[in-house]
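Heads up, the thing below is written out as structure tokens.
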Amino acid sequence: MDHGKPKAPGVSGATKRKDLPIRDTGTRAAKRTKIHEARNIRTQPSDGALDDGKLDLQKFLSSREYEIKALENSMRKCKASNATRAFQSVPRDMRRRTASHNVKRVPKRLRDRARKEMIEDNTPTVQSRKRRPRTTRARIRAETIKKLRYLANKRKKQKAQSNPGQETTATAPGKGEPITTRPPRPKIRRDMLNEPPKAGSKFKKRQVNKTWLPTHLWHAKRATMTEPSKPLWGFSLPLTPTAKCYRPTHRASGQKGVVVWDTSYTSTVALYGTAEGVERVLRGLGLAQEGLWSSRGQKWRSGLRKWTGVVSKQKGDSRRDIGPATIVWNPEPPARDVEMDDSAPPAKKPQRQVLLRIHPSAFHELFEELLKLVKMQTPRLHIEDLRYEIGSIELTGPGSTETLLGVLQPFHDKLETRECHGTIFQSIAGVSNPASLPKDALLAFSAKDPRLSYPPKRLRIPADNGPALLETITQWPVEEGLKPFEIFSRDSRYQASRLPSQKAINRRKGLNAPGQPLQVTAADPPIPVLLLASRSAADGQAQGTWTLLAPWKCIQAIWYCMMHYPLTTGGNPRLGGLDEQRQIAFEHGVPWFPGDFPATNAGLNWEVEQRLKRKRDWDRRPRGKRIEWKSLDLGAGRRGEIGDGLACDFEHLFGLSKSEVAPTQITETRSSSDPNDTMDVDQPEQAVDRGKTPHPPLSAIRQVAKASFNSFIKSAATEKPRPYSVITVNLGFVARGVVSPCARIYRLPTNKTAGSTLPSTQVEVPASDPTMAPGLLPSDLKDQWLAKLPKKTAARNSPHRAPRMPRGADMGTRKKLLAQSLLTTELPYPRPTANQLDVGGHPFCPDEQDLIGFVTTGAFSLSEGKGTAVGSISAEKALETLREAGPQEGRLCIVRNAGESVGWLARWELA
């Protein structure tokens with residue numbers, strides 16, 4: 001009797017039950033018999049091996065040999081008898097559960113087999129197009145969409161019949177006749193913010209408070225995007241692919257393959273004016289190194305190299321970092337032979353152009369600083385916001401150069417119009433690491449529309465290309481025939497954005513011969529591109545990165561062809577999201593902006609957002625399954641976490657006021673509808689007006705550069721960094737240990753800490769340990785931590801070196817010599833008695849006065865094969881420890897996860 005139980009969606013009466021009749025009973029029964037016989041392993045009883053209670057060894061071994069052969073035969077039969085389903089043979093990164101119920105989810109080579117298996121098992125096939133709405137609300141919505149689509153098509157037909165062959169319904173003045181119009185040229189206002197591109201009517205409502213990347217629709221089907229109501233930096237960004245990709249990303253970025261990101265959200269600003277004025281503005285941004293403005297920086301100022309570093313602004317009597325930026329000069333036009341005329345008016349000073357690229361979280365801060373600096377110059381300079389004019393794509397991995405060469409082809413092939421940089425670009429085939437090119441190298445040329453040669457063909461590298469490639473990299477002749485880059489030209493960018501539609505490309509392909517690439521016509525404009533080669537600052541052997549700059553509307557065409565390029569090592573380029581960017585930067589030991597830059601306004605905003613996120617996650621957990629920070633046992637009678645356990649609590653480290661920044665007191669505000677609205681931490685009054693929470697205490701933190709800190713180490717003992725200064729460090733654990741963000745970083749216990757009295761609010765420990773008095777930390781706590789260092793191998797001529805075993809020595813002599821070498825081996829530090837009271841026998845973590853910083857990024861590094869971390873520590877305390885303990889012992893530190901009582905010994909190095 002049917003009690004109204006609903007049937008499976010998309011299936012008419014078919015359910016997978018054993019009591020229902022199967023379509024092909026004979027085939028099903030034969031298949032089960034075949035599988036049963038394949039899995040049946042024959043054995044022999046062991047009674048035949050016994051003869052009057054004695055074991056016949058030969059018979060016993062013969063019976064076991066028979067069973068082993070039967071087991072191997074059964075394993076071979078099971079493998080050949082279709083013991084696994086088709087959906088279990090899909091690639092490793094695909095999801096199995098969704099693949100098992102939809103034939104289209106498995107690869108094409110397995111679809112016939114999967115379809116046959118699903119028919120035999122009577123598995124319901126789900127088809128989204130034929131699925132009936134489950135609720136009344138969904139049914140009404142589907143019917144409304146159907147009606148609106150019908151009305152839209154009907155209106156389109158009526159409009160086409162009334163105005164045949166016309167694109168718009170504009171009317172000529174005074175005649176009443178319709179005229180054809182084209183989209184207006186986008187306006188770029190000087191010294192003002194640019195407006196985002198207007199979305200089409202179909203997706204206009206989805207881009208009210210954010211902007212889509214040029215490849216948004218492609219990413220939305222293959223990656224996890226940011227929440228619609230919570231965009232990131234005013235954009236809808238891909239966070240991570242839906243496929244499993246952590247280990248494949250590690251392999252593709254360093255061993256085999258390539259990882260690609262659409263980084264069009266990176267902001268671009270154009271600065272133009274006289275060369276002297278541009279120099280003064282850039283000096284105001286912190287580019288005051290004399291090497292940039294002397295003969296050493298001539299290649300950079302000529303447009304042959306790029307500059308990458310941290311720009312800053314003047315804040316009171318010190319400077320505050322804005323963020324990492326890339327600066328490229330536009331080459332000067334070639335000088336013309338002009339006859340000198342005394343009566344002619346004096347020539348104007350040559351105008352120069354500069355592109356500045358920076359992370360979107362720091363764009364508004366940089367734009368305001370640039371606007372302030374250009375207004376102070378005479379003659380006046382101007383800036384332009386090119387955020388939606390220039391897009392970018394980043395590639396990293398051994399196949400990055402090959403992918404670019406397979407997709408981009410120089411537009412000018414003739415000898416008289418051939419571009420120098422385009423020729424050099426084609427000659428670097430075979431480069432597996434962009435870091436092998438000259439430092440900060442760049443190439444600028446015009447490329448063809450990659451859709452003309454779609455699908456891209458695999459690049460064939462000649463076998464004898466080695467000597468020519470080595471000569472090209474060594475000489476790097478980029479100065480020959482140097483002209484201004486077309487990507488700086490507004491007209492060139494606009495012409496390139498008017499690419500033919502995909503329909504027109506398909507129509508031309510239909511008229512062309514099969515397999516032949518399309519020829520360039522007058523309708524195909526050149527695409528100005530700029531390629532920037534970067535290398536990791538932390539590790540010279542790490543993979544470099546290519547950054548491709550192109551007009552915003554050309555990024556989609558390049559991206560589609562790039563993701564379908566067949567690599568010579570197999571497969572296609574892998575998609576990367578924001579999480580993959582952080583992963584690769586972490587494995588290379590490079591700080592990721594803005595998460596690892598707490599001394600910048602962008603890093604401060606990121607830290608506050610992460611605090612709110614951690615607080616929400618902590619509140620959602622039941623009381624019995626979340627950490628109670630006040631009752632955390634740190635050993636030696638100490639109770640409670642140091643500072644806020646859900647934050648990198650630099651306020652607690654430096655003793656700043658926490659009345660306005662405590663995560664427990666921060667309240668979330670409604671996201672603004674303006675994607676350009678950001679929180680300015682340097683102006684609390686404006687922040688309060690916008691409904692944001694001000695953070696004046698944290699804005700006092702300053703970053704100390706690596707070169708500056710090294711100069712402090714070499715200088716006299718009286719010099720020290722400014723108060724509230726931090727340095728970014730890489731942490732490598734000496735033995736074991738994996739930490740996460742917000743972990744506490746301690747220096748080794750100082751003499752002031754050992755034997756110090758605990759606060760009165762903490763419980764005193766019993767005096768059962770002879771090395772520790774009641775209420776005190778062990779006096780030899782530092783020695784306990786130093787004993788965690790691995791044993792050093794004895795020197796070759798050391799008397800404590802293990803003696804060489806003599807030839808022919810018996811076992812007793814070998815044991816005696818081995819025991820003697822183990823007992824007399826000299827340890828680097830004395831091994832004290834370990835703590836036996838609590839914390840599982842581990843040494844206690846130092847006290848609060850030895851806290852020096854926090855971990856901003858930490859995990860298990862696949863490239864190092866152990867746990868590593870990136871953090872920020874107090875520059876003043878780090879310098880004091882180095883001067884007291886020396887360079888070896890002073891760089892040792894103890895790292896403890898927030899909410900845990902066990903710490904791990906690590907060593908820090910400047911990042």
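To be explicit about the labels: the chains of the structure tokens are called A, B, and onward in the order shown, and within each one the residues are counted from 1, while ligands get numbers from 1 in the order they are shown.
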Tell me, as a compact mmCIF listing (two decimals) with N, CA and C atoms, in the first residue's frame, which residues lie within 12 Å of A:Lys221, counting only C-alpha atoms; anything in the same chain fewer than 5 positions away does not count.
# COMPACT_ATOMS: atom_id res chain seq x y z
N THR A 215 36.80 36.76 -15.85
CA THR A 215 36.58 35.32 -15.98
C THR A 215 35.66 34.79 -14.88
N HIS A 216 34.76 35.63 -14.40
CA HIS A 216 33.93 35.23 -13.25
C HIS A 216 33.07 34.01 -13.58
N PRO A 238 37.63 33.99 -6.54
CA PRO A 238 37.67 32.53 -6.29
C PRO A 238 38.59 32.23 -5.11
N THR A 240 39.11 28.85 -3.72
CA THR A 240 39.83 27.60 -3.99
C THR A 240 39.01 26.77 -4.96
N PRO A 241 39.62 25.97 -5.81
CA PRO A 241 38.86 25.11 -6.71
C PRO A 241 38.02 24.10 -5.94
N THR A 242 36.95 23.65 -6.56
CA THR A 242 36.10 22.64 -5.92
C THR A 242 36.77 21.28 -5.90
N ALA A 243 37.75 21.03 -6.77
CA ALA A 243 38.47 19.77 -6.77
C ALA A 243 39.53 19.76 -5.67
N LEU A 575 43.94 25.48 -12.12
CA LEU A 575 43.33 26.70 -11.60
C LEU A 575 43.79 26.94 -10.18
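Using only C-alpha atoms, the nearest neighbour of A:Phe654 within the list A:Asp579, A:Glu848, A:Asp617, A:Asp524 is A:Glu848.
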Worksheet item: Could you pull the residues within 8 Å of stretch 447-461 of chain A, counting only C-alpha atoms, minus those fewer than 2 positions along the same chain, as a VMD selection string?
Response: chain A and resid 402 405 to 412 429 to 430 445 463 465 499 505 517 to 520 524 to 529 557 to 558 561 564 to 568
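Nearest to A:Gly858 of all the residues A:Ser267, A:Gln820, A:Asn897, A:Ser874 is A:Asn897, based on only C-alpha atoms.
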A:Pro594 environment, 10 Å, only C-alpha atoms, sequence neighbours closer than 4 positions dropped, as a compact mmCIF listing (two decimals) with N, CA and C atoms, in the first residue's frame:
# COMPACT_ATOMS: atom_id res chain seq x y z
N GLY A 323 52.37 48.96 1.43
CA GLY A 323 52.30 47.59 0.96
C GLY A 323 53.25 47.37 -0.20
N PRO A 324 53.47 46.11 -0.60
CA PRO A 324 54.34 45.81 -1.74
C PRO A 324 53.73 46.30 -3.04
N HIS A 359 48.26 45.78 -4.32
CA HIS A 359 47.14 44.94 -3.87
C HIS A 359 45.91 45.81 -3.64
N PRO A 360 44.70 45.31 -3.96
CA PRO A 360 43.51 46.17 -3.82
C PRO A 360 43.23 46.60 -2.39
N SER A 361 43.70 45.84 -1.39
CA SER A 361 43.45 46.25 -0.01
C SER A 361 44.21 47.51 0.37
N ALA A 362 45.28 47.83 -0.36
CA ALA A 362 46.07 49.04 -0.07
C ALA A 362 45.94 50.08 -1.17
N PRO A 598 51.25 42.82 9.53
CA PRO A 598 50.39 43.47 10.54
C PRO A 598 50.74 44.93 10.78
N ALA A 599 51.87 45.42 10.28
CA ALA A 599 52.25 46.82 10.50
C ALA A 599 51.73 47.74 9.42
N THR A 600 50.82 47.26 8.56
CA THR A 600 50.19 48.09 7.53
C THR A 600 48.70 48.19 7.82
N ASN A 601 48.06 49.19 7.25
CA ASN A 601 46.63 49.34 7.45
C ASN A 601 45.86 48.18 6.83
N ALA A 602 46.32 47.70 5.67
CA ALA A 602 45.65 46.56 5.05
C ALA A 602 45.80 45.31 5.91
N GLY A 603 47.00 45.09 6.47
CA GLY A 603 47.19 43.95 7.35
C GLY A 603 46.39 44.06 8.62
N LEU A 604 46.22 45.27 9.13
CA LEU A 604 45.40 45.50 10.32
C LEU A 604 43.95 45.15 10.05
N ASN A 605 43.42 45.61 8.92
CA ASN A 605 42.04 45.28 8.58
C ASN A 605 41.84 43.77 8.41
N TRP A 606 42.83 43.12 7.80
CA TRP A 606 42.73 41.66 7.64
C TRP A 606 42.73 40.96 8.99
N GLU A 607 43.57 41.41 9.91
CA GLU A 607 43.64 40.79 11.23
C GLU A 607 42.33 40.97 11.99
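For A:Leu213, the non-local neighbours within 8 Å, defined as residues at least 5 positions apart in the same chain or in other chains and counting only C-alpha atoms, are Phe235, Ser236, Leu237, Asp262, Ser264 and Tyr265 of chain A.
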